[in-house]
Amino acid sequence: MRSELLIYATIALDLALFGINLLVAGSTGSRAVLSQAAYSLSDLLGTAFLLVGVYSSRRPPDERHPFGFGKERFFWAFVATLVAFTLTGFFSLAVGTLQILSPVRVVDVAHALLVVAATLLASVAGLAVAFRELRRSRESFGALWESSQVGVKTIVYQDVVALVGAGVALVGLVGVYLTRQSAYDGIAAAVVGLLMIATGILLSAESRDLLTGRAIPPEVARSILMVAQRHPKVRSVRGIQSMLLGPDDTLVALRVNFQDGLTTDQVEVVIDELSSDLKASQPTLRHLVIEPES
């Protein structure tokens, strides 16, 4: 999947949405629209952090980082999650709660409805770009969910939350229009805040799991074992350890019991053959350690 295309598309969309929502929030006094503006700004900053992660992860390995900088993408995805969801979620919740307790009259509700509806359509367009990239890379949403592409998942979740949040804001403003009760505007902003907080907690937990050394998925481990055990000179694989070093970079260590009677040179040849077979079967397997065992 072309993650950079998604990032640039999201940045362009958020710039437009932030400007429009902020302008309308100032002119109408709507807290629901203000929460949409705040989310667009935080989404913009969060996406910028994801872009930093993409470029930082491309630095070549050095003495202090022999396995490279792939985990930079996990770290910056975690920072993006804190900014785009958690902090903005608490802001929207606080603003909405104040509007419920001490309602400020929303003026020009029709204008606010029009802008929120446009935000809703823009969020649909953002999701369409994400799903088009999924189809292009022949990935399913389920496969994306199980993968370590936490940056791409963050963008998809940003689009989903933006879509649902715009829908909630639209319902809240309709309530204001029909009842003339500005408290509905505050309820919408508070609900959007709670939604963002919940999503931020979910994605933060996943980023933490990746940063602390998550192993490869069980099905990938089974596939590696099958390839290794098919080699005619391998008697058994005694153990496998792994770690995700980045969305497209994994480390695997195997303890292999070779057939009896092999010389040291023959074992080295078998290890080279086994390494080639395993890396051919798993393109993300960039670091492989094979330890012979008797």
# chains A, B, ... in the order shown; residues from 1 in each chain; ligands from 1
$ residues_around --residues "Ile216 of chain A" --least-positions-apart "4" --cutoff "8 Å" --atoms "only C-alpha atoms" --output "ChimeraX atom specification"
/A:220-221,242-244,250
$ closest_atom_pairs --of "segment 86-191 of chain A" --to "segment 36-49 of chain A" --cutoff "10 Å" --atoms "only C-alpha atoms" --output "JSON lines"
{"residue": "A:Thr86", "atom": "CA", "partner": "A:Ser42", "partner_atom": "CA", "distance": 9.8}
{"residue": "A:Leu87", "atom": "CA", "partner": "A:Ser42", "partner_atom": "CA", "distance": 8.5}
{"residue": "A:Thr88", "atom": "CA", "partner": "A:Tyr39", "partner_atom": "CA", "distance": 6.1}
{"residue": "A:Gly89", "atom": "CA", "partner": "A:Tyr39", "partner_atom": "CA", "distance": 8.0}
{"residue": "A:Phe91", "atom": "CA", "partner": "A:Ala38", "partner_atom": "CA", "distance": 8.2}
{"residue": "A:Ser92", "atom": "CA", "partner": "A:Ala38", "partner_atom": "CA", "distance": 7.7}
{"residue": "A:Val116", "atom": "CA", "partner": "A:Gln36", "partner_atom": "CA", "distance": 8.2}
{"residue": "A:Thr119", "atom": "CA", "partner": "A:Gln36", "partner_atom": "CA", "distance": 8.4}
{"residue": "A:Gly151", "atom": "CA", "partner": "A:Thr47", "partner_atom": "CA", "distance": 8.7}
{"residue": "A:Val152", "atom": "CA", "partner": "A:Thr47", "partner_atom": "CA", "distance": 9.9}
{"residue": "A:Thr154", "atom": "CA", "partner": "A:Thr47", "partner_atom": "CA", "distance": 8.6}
{"residue": "A:Ile155", "atom": "CA", "partner": "A:Thr47", "partner_atom": "CA", "distance": 7.3}
{"residue": "A:Gln158", "atom": "CA", "partner": "A:Asp43", "partner_atom": "CA", "distance": 7.0}
{"residue": "A:Asp159", "atom": "CA", "partner": "A:Asp43", "partner_atom": "CA", "distance": 9.2}
{"residue": "A:Val161", "atom": "CA", "partner": "A:Tyr39", "partner_atom": "CA", "distance": 9.5}
{"residue": "A:Ala162", "atom": "CA", "partner": "A:Tyr39", "partner_atom": "CA", "distance": 7.8}
{"residue": "A:Gly165", "atom": "CA", "partner": "A:Gln36", "partner_atom": "CA", "distance": 7.5}
{"residue": "A:Ala166", "atom": "CA", "partner": "A:Gln36", "partner_atom": "CA", "distance": 7.2}
{"residue": "A:Ala169", "atom": "CA", "partner": "A:Gln36", "partner_atom": "CA", "distance": 8.1}
{"residue": "A:Ala189", "atom": "CA", "partner": "A:Gln36", "partner_atom": "CA", "distance": 8.3}
$ select_by_dssp --residues "segment 59-288 of chain A" --states "alpha helix (DSSP H)" --output "count of residues only"
148
$ residues_around --residues "segment 273-282 of chain A" --least-positions-apart "2" --cutoff "8 Å" --atoms "only C-alpha atoms" --output "number ranges by chain"
A: 224, 227-228, 231, 269-271, 284-286, 288
$ closest_residue --among "A:Ser57, A:Ser204, A:Asn257, A:Thr264" --to "Leu82 of chain A" --atoms "only C-alpha atoms"
A:Ser204
$ residues_around --residues "segment 94-101 of chain A" --least-positions-apart "4" --cutoff "7 Å" --atoms "only C-alpha atoms" --output "list in words"
Arg31, Phe90, Ala183, Gly186, Ile187, Ala189 and Ala190 of chain A
$ write_last_selection --atoms "N, CA and C atoms" --output "PDB file, in the first residue's frame"
ATOM      1  N   ARG A  31     -20.324  24.591  19.084  1.00  0.00           N
ATOM      2  CA  ARG A  31     -19.253  23.804  19.684  1.00  0.00           C
ATOM      3  C   ARG A  31     -19.034  22.505  18.914  1.00  0.00           C
ATOM      4  N   PHE A  90     -10.237  14.877  24.600  1.00  0.00           N
ATOM      5  CA  PHE A  90     -10.500  15.536  25.884  1.00  0.00           C
ATOM      6  C   PHE A  90     -10.915  17.000  25.674  1.00  0.00           C
ATOM      7  N   ALA A 183     -28.106  22.987  23.817  1.00  0.00           N
ATOM      8  CA  ALA A 183     -27.475  21.894  24.542  1.00  0.00           C
ATOM      9  C   ALA A 183     -27.198  20.698  23.632  1.00  0.00           C
ATOM     10  N   GLY A 186     -23.784  20.843  22.339  1.00  0.00           N
ATOM     11  CA  GLY A 186     -22.788  20.391  23.311  1.00  0.00           C
ATOM     12  C   GLY A 186     -22.765  18.880  23.437  1.00  0.00           C
ATOM     13  N   ILE A 187     -23.930  18.241  23.388  1.00  0.00           N
ATOM     14  CA  ILE A 187     -23.984  16.775  23.459  1.00  0.00           C
ATOM     15  C   ILE A 187     -23.227  16.161  22.287  1.00  0.00           C
ATOM     16  N   ALA A 189     -20.744  17.497  20.560  1.00  0.00           N
ATOM     17  CA  ALA A 189     -19.307  17.699  20.755  1.00  0.00           C
ATOM     18  C   ALA A 189     -18.757  16.726  21.791  1.00  0.00           C
ATOM     19  N   ALA A 190     -19.511  16.488  22.875  1.00  0.00           N
ATOM     20  CA  ALA A 190     -19.054  15.567  23.914  1.00  0.00           C
ATOM     21  C   ALA A 190     -18.986  14.132  23.404  1.00  0.00           C
TER      22      ALA A 190
END
$ atom_distance --atom1 "atom CA of Ala215 of chain A" --atom2 "atom CA of Gln241 of chain A"
7.5 Å
$ atom_distance --atom1 "atom CA of Thr10 of chain A" --atom2 "atom CA of Phe74 of chain A"
18.7 Å
$ residues_around --residues "Val176 of chain A" --least-positions-apart "3" --cutoff "10 Å" --atoms "only C-alpha atoms" --output "PyMOL selection string"
chain A and resi 30+105-107+109+170-173+179-186
$ select_by_dssp --residues "segment 129-281 of chain A" --states "strand (DSSP E)" --output "ChimeraX atom specification"
/A:234-246,249-258
$ write_last_selection --atoms "C-alpha atoms" --output "mmCIF file, in the first residue's frame"
data_model
loop_
_atom_site.group_PDB
_atom_site.id
_atom_site.type_symbol
_atom_site.label_atom_id
_atom_site.label_comp_id
_atom_site.auth_asym_id
_atom_site.auth_seq_id
_atom_site.Cartn_x
_atom_site.Cartn_y
_atom_site.Cartn_z
ATOM 1 C CA VAL A 234 16.828 -30.277 8.285
ATOM 2 C CA ARG A 235 15.717 -32.824 10.856
ATOM 3 C CA SER A 236 13.627 -30.426 12.967
ATOM 4 C CA VAL A 237 13.266 -26.824 14.082
ATOM 5 C CA ARG A 238 13.677 -26.724 17.859
ATOM 6 C CA GLY A 239 12.577 -23.139 18.399
ATOM 7 C CA ILE A 240 11.611 -19.842 16.758
ATOM 8 C CA GLN A 241 11.818 -16.318 18.139
ATOM 9 C CA SER A 242 10.791 -13.195 16.278
ATOM 10 C CA MET A 243 10.220 -9.472 16.513
ATOM 11 C CA LEU A 244 8.586 -6.889 14.277
ATOM 12 C CA LEU A 245 11.202 -4.204 13.619
ATOM 13 C CA GLY A 246 8.923 -2.176 11.354
ATOM 14 C CA ASP A 249 10.926 -5.483 8.541
ATOM 15 C CA THR A 250 11.073 -8.558 10.770
ATOM 16 C CA LEU A 251 13.747 -10.345 12.784
ATOM 17 C CA VAL A 252 13.572 -14.152 13.127
ATOM 18 C CA ALA A 253 15.909 -16.482 15.032
ATOM 19 C CA LEU A 254 15.680 -20.248 14.460
ATOM 20 C CA ARG A 255 17.256 -23.108 16.382
ATOM 21 C CA VAL A 256 17.646 -25.882 13.823
ATOM 22 C CA ASN A 257 18.637 -29.508 14.225
ATOM 23 C CA PHE A 258 20.387 -30.640 11.019
#
$ residues_around --residues "Ala118 of chain A" --least-positions-apart "6" --cutoff "10 Å" --atoms "only C-alpha atoms" --output "mmCIF file with N, CA and C atoms, in the first residue's frame"
data_model
loop_
_atom_site.group_PDB
_atom_site.id
_atom_site.type_symbol
_atom_site.label_atom_id
_atom_site.label_comp_id
_atom_site.auth_asym_id
_atom_site.auth_seq_id
_atom_site.Cartn_x
_atom_site.Cartn_y
_atom_site.Cartn_z
ATOM 1 N N LEU A 17 -10.447 21.254 5.650
ATOM 2 C CA LEU A 17 -11.492 21.096 6.664
ATOM 3 C C LEU A 17 -11.246 21.984 7.879
ATOM 4 N N ILE A 20 -12.205 25.707 6.984
ATOM 5 C CA ILE A 20 -13.652 25.910 6.826
ATOM 6 C C ILE A 20 -14.374 25.785 8.162
ATOM 7 N N ASN A 21 -14.064 24.729 8.919
ATOM 8 C CA ASN A 21 -14.756 24.511 10.193
ATOM 9 C C ASN A 21 -14.445 25.598 11.211
ATOM 10 N N ALA A 112 -24.059 26.235 9.633
ATOM 11 C CA ALA A 112 -23.280 25.210 10.332
ATOM 12 C C ALA A 112 -23.615 23.811 9.800
ATOM 13 N N VAL A 124 -15.948 10.915 3.664
ATOM 14 C CA VAL A 124 -16.250 9.780 2.784
ATOM 15 C C VAL A 124 -15.213 9.692 1.666
ATOM 16 N N ALA A 166 -18.539 13.657 12.153
ATOM 17 C CA ALA A 166 -19.330 14.606 11.360
ATOM 18 C C ALA A 166 -20.805 14.218 11.377
#
$ atom_distance --atom1 "atom CA of Ile11 of chain A" --atom2 "atom CA of Val115 of chain A"
18.7 Å
$ residues_around --residues "Phe78 of chain A" --least-positions-apart "2" --cutoff "8 Å" --atoms "only C-alpha atoms" --output "ChimeraX atom specification"
/A:74-76,80-82,203-204,207-208
$ closest_residue --among "A:Leu211, A:Ala84, A:Leu194, A:Val129" --to "Tyr8 of chain A" --atoms "only C-alpha atoms"
A:Val129
$ decode --residues "segment 72-184 of chain A" --atoms "C-alpha atoms" --output "PDB file, in the first residue's frame"
ATOM      1  CA  GLU A  72      10.519   4.946  14.180  1.00  0.00           C
ATOM      2  CA  ARG A  73       7.215   4.387  12.384  1.00  0.00           C
ATOM      3  CA  PHE A  74       5.742   2.722  15.461  1.00  0.00           C
ATOM      4  CA  PHE A  75       6.926   5.549  17.718  1.00  0.00           C
ATOM      5  CA  TRP A  76       5.611   8.373  15.559  1.00  0.00           C
ATOM      6  CA  ALA A  77       2.329   6.523  15.046  1.00  0.00           C
ATOM      7  CA  PHE A  78       2.036   6.466  18.854  1.00  0.00           C
ATOM      8  CA  VAL A  79       2.692  10.222  19.020  1.00  0.00           C
ATOM      9  CA  ALA A  80       0.157  10.793  16.224  1.00  0.00           C
ATOM     10  CA  THR A  81      -2.411   8.776  18.156  1.00  0.00           C
ATOM     11  CA  LEU A  82      -1.912  10.880  21.294  1.00  0.00           C
ATOM     12  CA  VAL A  83      -2.306  14.135  19.359  1.00  0.00           C
ATOM     13  CA  ALA A  84      -5.025  13.202  16.883  1.00  0.00           C
ATOM     14  CA  PHE A  85      -7.285  11.279  19.218  1.00  0.00           C
ATOM     15  CA  THR A  86      -6.585  11.458  22.938  1.00  0.00           C
ATOM     16  CA  LEU A  87      -5.731  15.148  23.471  1.00  0.00           C
ATOM     17  CA  THR A  88      -8.314  16.422  20.994  1.00  0.00           C
ATOM     18  CA  GLY A  89     -10.861  14.025  22.410  1.00  0.00           C
ATOM     19  CA  PHE A  90     -10.500  15.536  25.884  1.00  0.00           C
ATOM     20  CA  PHE A  91     -10.719  19.036  24.373  1.00  0.00           C
ATOM     21  CA  SER A  92     -13.955  18.212  22.540  1.00  0.00           C
ATOM     22  CA  LEU A  93     -15.374  16.515  25.641  1.00  0.00           C
ATOM     23  CA  ALA A  94     -14.584  19.564  27.782  1.00  0.00           C
ATOM     24  CA  VAL A  95     -16.020  22.016  25.242  1.00  0.00           C
ATOM     25  CA  GLY A  96     -19.140  19.915  24.809  1.00  0.00           C
ATOM     26  CA  THR A  97     -19.661  19.558  28.560  1.00  0.00           C
ATOM     27  CA  LEU A  98     -19.432  23.321  29.032  1.00  0.00           C
ATOM     28  CA  GLN A  99     -21.973  23.839  26.262  1.00  0.00           C
ATOM     29  CA  ILE A 100     -24.343  21.388  27.965  1.00  0.00           C
ATOM     30  CA  LEU A 101     -23.980  23.020  31.380  1.00  0.00           C
ATOM     31  CA  SER A 102     -23.950  26.638  30.141  1.00  0.00           C
ATOM     32  CA  PRO A 103     -25.380  26.671  26.602  1.00  0.00           C
ATOM     33  CA  VAL A 104     -24.206  29.407  24.259  1.00  0.00           C
ATOM     34  CA  ARG A 105     -26.710  30.181  21.538  1.00  0.00           C
ATOM     35  CA  VAL A 106     -25.832  28.772  18.128  1.00  0.00           C
ATOM     36  CA  VAL A 107     -26.575  31.318  15.408  1.00  0.00           C
ATOM     37  CA  ASP A 108     -26.983  30.571  11.701  1.00  0.00           C
ATOM     38  CA  VAL A 109     -27.612  26.860  12.260  1.00  0.00           C
ATOM     39  CA  ALA A 110     -28.270  26.307   8.568  1.00  0.00           C
ATOM     40  CA  HIS A 111     -24.766  27.476   7.689  1.00  0.00           C
ATOM     41  CA  ALA A 112     -23.280  25.210  10.332  1.00  0.00           C
ATOM     42  CA  LEU A 113     -25.310  22.265   8.990  1.00  0.00           C
ATOM     43  CA  LEU A 114     -24.040  22.927   5.491  1.00  0.00           C
ATOM     44  CA  VAL A 115     -20.393  22.906   6.585  1.00  0.00           C
ATOM     45  CA  VAL A 116     -20.768  19.745   8.690  1.00  0.00           C
ATOM     46  CA  ALA A 117     -22.466  18.025   5.750  1.00  0.00           C
ATOM     47  CA  ALA A 118     -19.522  19.047   3.548  1.00  0.00           C
ATOM     48  CA  THR A 119     -17.149  17.648   6.192  1.00  0.00           C
ATOM     49  CA  LEU A 120     -19.124  14.406   6.115  1.00  0.00           C
ATOM     50  CA  LEU A 121     -18.725  14.153   2.342  1.00  0.00           C
ATOM     51  CA  ALA A 122     -15.018  14.988   2.565  1.00  0.00           C
ATOM     52  CA  SER A 123     -14.552  12.217   5.142  1.00  0.00           C
ATOM     53  CA  VAL A 124     -16.250   9.780   2.784  1.00  0.00           C
ATOM     54  CA  ALA A 125     -13.805  10.870   0.066  1.00  0.00           C
ATOM     55  CA  GLY A 126     -10.872  10.270   2.409  1.00  0.00           C
ATOM     56  CA  LEU A 127     -12.094   6.771   3.204  1.00  0.00           C
ATOM     57  CA  ALA A 128     -12.603   6.101  -0.505  1.00  0.00           C
ATOM     58  CA  VAL A 129      -8.925   6.880  -1.129  1.00  0.00           C
ATOM     59  CA  ALA A 130      -7.899   4.516   1.684  1.00  0.00           C
ATOM     60  CA  PHE A 131     -10.081   1.663   0.423  1.00  0.00           C
ATOM     61  CA  ARG A 132      -8.876   2.215  -3.133  1.00  0.00           C
ATOM     62  CA  GLU A 133      -5.325   1.760  -1.895  1.00  0.00           C
ATOM     63  CA  LEU A 134      -6.396  -1.399  -0.078  1.00  0.00           C
ATOM     64  CA  ARG A 135      -7.849  -2.818  -3.287  1.00  0.00           C
ATOM     65  CA  ARG A 136      -4.798  -1.761  -5.259  1.00  0.00           C
ATOM     66  CA  SER A 137      -2.494  -3.617  -2.870  1.00  0.00           C
ATOM     67  CA  ARG A 138      -4.931  -6.568  -2.773  1.00  0.00           C
ATOM     68  CA  GLU A 139      -5.352  -6.309   0.988  1.00  0.00           C
ATOM     69  CA  SER A 140      -8.551  -6.760   2.937  1.00  0.00           C
ATOM     70  CA  PHE A 141      -9.573  -4.580   5.858  1.00  0.00           C
ATOM     71  CA  GLY A 142      -9.172  -7.630   8.094  1.00  0.00           C
ATOM     72  CA  ALA A 143      -5.611  -8.159   6.850  1.00  0.00           C
ATOM     73  CA  LEU A 144      -4.825  -4.500   7.514  1.00  0.00           C
ATOM     74  CA  TRP A 145      -6.208  -4.817  11.042  1.00  0.00           C
ATOM     75  CA  GLU A 146      -3.944  -7.799  11.766  1.00  0.00           C
ATOM     76  CA  SER A 147      -0.866  -6.225  10.174  1.00  0.00           C
ATOM     77  CA  SER A 148       1.797  -3.998  11.745  1.00  0.00           C
ATOM     78  CA  GLN A 149       0.967  -1.112   9.372  1.00  0.00           C
ATOM     79  CA  VAL A 150       0.002   1.011  12.359  1.00  0.00           C
ATOM     80  CA  GLY A 151       0.541   4.291  10.471  1.00  0.00           C
ATOM     81  CA  VAL A 152      -1.880   3.299   7.704  1.00  0.00           C
ATOM     82  CA  LYS A 153      -4.350   2.042  10.311  1.00  0.00           C
ATOM     83  CA  THR A 154      -4.116   5.367  12.136  1.00  0.00           C
ATOM     84  CA  ILE A 155      -5.025   7.220   8.931  1.00  0.00           C
ATOM     85  CA  VAL A 156      -7.949   4.872   8.247  1.00  0.00           C
ATOM     86  CA  TYR A 157      -9.192   5.316  11.810  1.00  0.00           C
ATOM     87  CA  GLN A 158      -8.818   9.074  11.492  1.00  0.00           C
ATOM     88  CA  ASP A 159     -11.078   8.967   8.434  1.00  0.00           C
ATOM     89  CA  VAL A 160     -13.593   6.676  10.147  1.00  0.00           C
ATOM     90  CA  VAL A 161     -13.722   8.844  13.284  1.00  0.00           C
ATOM     91  CA  ALA A 162     -14.001  11.987  11.149  1.00  0.00           C
ATOM     92  CA  LEU A 163     -16.920  10.410   9.271  1.00  0.00           C
ATOM     93  CA  VAL A 164     -18.747   9.269  12.419  1.00  0.00           C
ATOM     94  CA  GLY A 165     -17.925  12.517  14.214  1.00  0.00           C
ATOM     95  CA  ALA A 166     -19.330  14.606  11.360  1.00  0.00           C
ATOM     96  CA  GLY A 167     -22.451  12.447  11.439  1.00  0.00           C
ATOM     97  CA  VAL A 168     -22.854  13.012  15.182  1.00  0.00           C
ATOM     98  CA  ALA A 169     -22.296  16.768  14.765  1.00  0.00           C
ATOM     99  CA  LEU A 170     -24.884  16.822  11.989  1.00  0.00           C
ATOM    100  CA  VAL A 171     -27.453  15.093  14.215  1.00  0.00           C
ATOM    101  CA  GLY A 172     -26.685  17.503  17.061  1.00  0.00           C
ATOM    102  CA  LEU A 173     -27.148  20.557  14.854  1.00  0.00           C
ATOM    103  CA  VAL A 174     -30.398  19.155  13.481  1.00  0.00           C
ATOM    104  CA  GLY A 175     -31.524  18.857  17.097  1.00  0.00           C
ATOM    105  CA  VAL A 176     -30.615  22.512  17.672  1.00  0.00           C
ATOM    106  CA  TYR A 177     -32.468  23.541  14.497  1.00  0.00           C
ATOM    107  CA  LEU A 178     -35.640  21.649  15.438  1.00  0.00           C
ATOM    108  CA  THR A 179     -35.777  22.450  19.166  1.00  0.00           C
ATOM    109  CA  ARG A 180     -33.793  25.701  19.435  1.00  0.00           C
ATOM    110  CA  GLN A 181     -31.942  24.054  22.335  1.00  0.00           C
ATOM    111  CA  SER A 182     -28.192  24.694  22.070  1.00  0.00           C
ATOM    112  CA  ALA A 183     -27.475  21.894  24.542  1.00  0.00           C
ATOM    113  CA  TYR A 184     -27.776  19.413  21.671  1.00  0.00           C
TER     114      TYR A 184
END
